[in-house]
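Asker: A single structure is presented below for examination.
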Amino acid sequence: MADWEGGPLAVSAVPGAGKSTGMAAASAIAIARYQLHSRRQLIVVTFTRSAAANIKSKIRERLQELSLPQGGFAVHTLHGLALNIAMRYPDLSGLNLENTTLVTPTQNHRLIRTCVELWIAENPRRYQILLEGQQFDGEETERLRRQSVLRTEILPQLANIVIHEAKSSGLLPEQLLETSATSGDAYQILAVAGGLYQKYQSLLKSRELIDYDEMILAALRVLENPGARSKEQSQVFAVFEDEAQDSTPLQTQLLETLAIDPSNPHLPPNFIRVGDPNQAINSTFTPADPIYFNQFCDRCEVENKLATMDGAGRSTQVIIDAANFILHWVNQSELAGSEQPFREQTIKPVSSDDPQQNANSAPIGLGLELYFPRDVYQTVESIGQRVVDLFETAKSRQLQDLENNGNLEISESEKSPNPYLKSMAVLVRENKQGKFIKEVLDNPEKHGLKFNLKALGIDVYDVGERDRHSQVPWEILTLLQFLDRPHSPDYLKAALKILSDRQLIPKQDYNALAATPEQFLYPGPLDPKQSEAARKCRYFCIGLLQARLELPPYQIISFLALALQYDQTELATADKLAERVAIETAGNTAMSAILNVLTEIVSSEKFEPVEAGENLEQRYTAKGKLTIITMHKAKGLDWDCVFIPFLHEQTIPGSLRVLPQAKFLGDFTLAEVARAQIRASLHGKDALPNLGEAWEQAGFLKTAEEFRLLYVAMTRAKSLLWMSAEKKGPFTWNKPENLQELKPCPVMPVLKQQFPENTIQLF
């Protein structure tokens, strides 16, 4: 990057290679070499606001070292850059934020739900085909159940996924409908998806709303105009893109267009893309796909414009060896079928004269430790005991230093930071696993543990708790909607789902209960006898409805927070929410007014939960504490010691699941089939895969990404990587106490075989 003299350049970097640091240095060199300024500047683009702020500060530091002015560059997120361009030319972009509102649609967003209802009303025949599924005997209760599943689960999920996939790739609804003609499946899934997409676009326009994909499209509309395009390009010397493996085709098109020199449009764009396709871990729930960055790397390699940053100064040698081994083994295993999960690039340690402090540090213990515990409880006990040992070792070394220095005032020394404390994290696949670990460690007596982390001063920080706090407004709104209209099947089902997620009622198929709300809530003597699980659900709902009648409106939010058994921080968030609602409904405490305010709060997504502290990312990696965090959130971070428990085949790689309530359509999901068919079309496949082929391909995509996610998790560790596959674990983490025999993740037996000296058997 430092030697770059223009044109395209691909930089494929391994984990820990210092992509952002290298880009900051290359940016400063380019600014100095080409004497860039505010009217001809370098544009640096990355994925998140926090990453943008980080790169900006690093570039400024480099410019300061070179005694250069702090200008000549601008750092943006992709969507921020697109919005800036669109807002400068509202007539060309069609966007005007004074009249439009930004939305972030999800499966449960009212916009998606509305477009589903509109599509059903206008397409009764297609809807009837879906309702009948593979077979249907016409029984009324089953018909109502299927209607509930289609309207609240299957079609919203299909709309949500397809809209993101299609819009981010530049596909119009009409193109999707044309593509559906060649799919050949009985349900015409892409035709259904295209219809939902059309309704969504109409709703956006009529309600003056925009989404994030619309920002990119609006910026591209601006750049289609020759005058505007030339003006924008004349202000850009080059574009440097970080985290390029997460870009979509339209985003890449936007950046490539900006990187063209308008005075020499025949020349290739000045475009550097830096990323790691092996850390692409978002493609199963976003439109990102590593194939596009891989293709860019391949094109650059032909022209000798591909650089590989393979030196990583993060992990100790045995961790590097394990990560490299997994990469090559997974690629050769064919577990992902036709997919190649990884780009063949090997991590190498940096040279001994590397300027980084403690680069490729010495291992702690064996460096790599593979455990095969009896069950998940023994795993948590082993992690806790190892944390205690690390803490005690650090304390002992601190005391030894004090004795060697002749300072025996130990009580005073304990007030100062201990330089030997380690940063430690447990990386989990889902938040429910983290919640289980936290519960066990917080209650040592209940679970028979011989240590107490809290008593030793070791903080256990579950990052997932913050995510739960941010759900408070949505949960309260959902329950209030049920209390306002308890006979609505949709509101009843949504309320039951929240109560189930909070583990307050037994888990079951709530579509059957919600299909006939009156019969469920107030069964008569002639109605079928309810199961014990259904009765428990009914009693909880009746209790909430009773409170609605007896409590004044201003107390109802606080009551619901207590009924949901919120923790202290969630209760504080609920109190903050209640205060906000009280202020905005002053003089009108009707339920309709409260619901209107809450709906606006949730849809605007501007309500901040109460936090227990600040500088959250620094809290994630603070020394002397144990952070519990998901593998996805851990990307971009590192710790001295990383624990990765619960590595079972059902989790990684896992498999695509068809929920029992949706099996009337077949052994596949409409959303995943549609996604696979759209990607096959975008990748230039000759023919669209049929239902079976598309479902199989979707499974391969998931398998490939799950192995990349494990690779990311493994490469977070500096000095100790602790991995475990328990003989017994829960089938579902909703009930972690129900243990059964589980198969290990496929990588664990081969790691054990490859590194036998690093295997520790627990009994």
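All residue names refer to the structure tokens as shown: chains lettered A, B, ... in order, residues numbered from 1 in each chain, ligands numbered from 1 in order.
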Show me, as a list in words, the residues that have an atom within 7 Å of range 243-250 of chain A when counting only C-alpha atoms, minus same-chain residues fewer than 5 positions from it.

Answerer: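 The contact residues come out as Thr46, Phe47, Ser168, Ser169, Gly170, Arg273, Val274, Gly275, Asp276, Pro277, Ala280, Pro287, Ala288, Asp289, Pro290 and Phe293 of chain A.
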
Asker: Once you have the residues from the selection above, write them out as a PDB file, in the first residue's frame, restricted to C-alpha atoms.

Answerer:
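What ended up in again-v3.pdb:
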ATOM      1  CA  THR A  46     -15.230   1.453   6.341  1.00  0.00           C
ATOM      2  CA  PHE A  47     -18.190  -0.494   7.667  1.00  0.00           C
ATOM      3  CA  SER A 168     -28.365  -4.265  -2.373  1.00  0.00           C
ATOM      4  CA  SER A 169     -27.631  -6.030  -5.663  1.00  0.00           C
ATOM      5  CA  GLY A 170     -29.506  -3.540  -7.825  1.00  0.00           C
ATOM      6  CA  ARG A 273      -9.681  -2.546  -1.197  1.00  0.00           C
ATOM      7  CA  VAL A 274      -8.466  -4.116   2.037  1.00  0.00           C
ATOM      8  CA  GLY A 275     -10.197  -7.055   3.657  1.00  0.00           C
ATOM      9  CA  ASP A 276     -10.055 -10.672   4.712  1.00  0.00           C
ATOM     10  CA  PRO A 277     -12.504 -13.002   2.939  1.00  0.00           C
ATOM     11  CA  ALA A 280     -16.657 -12.769   6.177  1.00  0.00           C
ATOM     12  CA  PRO A 287     -26.538  -9.309   1.588  1.00  0.00           C
ATOM     13  CA  ALA A 288     -22.720  -9.334   1.954  1.00  0.00           C
ATOM     14  CA  ASP A 289     -20.982 -12.184   0.136  1.00  0.00           C
ATOM     15  CA  PRO A 290     -17.200 -12.873   0.189  1.00  0.00           C
ATOM     16  CA  PHE A 293     -14.037  -9.513  -2.785  1.00  0.00           C
TER      17      PHE A 293
END

Asker: Using only C-alpha atoms, determine which residues lie at most 12 Å from Ser333 in chain A, disregarding the query and same-chain residues fewer than 4 positions distant; provide the list as a list in words.

Answerer: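 That gives Phe325, Ile326, Leu327, His328, Trp329, Gly337, Ser338, Glu339, Gln340, Pro341, Phe342, Thr703, Ala704, Phe707, Pro746, Val747 and Val750 of chain A.
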
Asker: Could you give me, as a list in words, each residue of range 6-72 of chain A that DSSP assigns to strand (DSSP E) when run on this structure's backbone?

Answerer: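 Filtering range 6-72 of chain A down to strand (DSSP E) leaves Pro8, Leu9, Ala10, Val11, Ser12, Ala13, Gln41, Leu42, Ile43, Val44, Val45 and Thr46 of chain A.
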
Asker: Ranking A:Leu42, A:Val460, A:Leu95, A:Leu402 by minimum distance to Met215 in chain A and counting only C-alpha atoms, which one comes first?

Answerer: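 Of A:Leu42, A:Val460, A:Leu95, A:Leu402, the one nearest Met215 in chain A is A:Leu95, counting only C-alpha atoms.
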
Asker: How far is it from CA of Pro373 in chain A to CA of Thr759 in chain A, in Å with one decimal?

Answerer: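 CA of Thr759 in chain A lies 11.2 Å from CA of Pro373 in chain A.
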
Asker: Based on the backbone DSSP call, show me all residues of range 415-499 of chain A assigned helix (DSSP H, G or I), as number ranges by chain.

Answerer: A: 431-442, 464-470, 472-484, 489-499
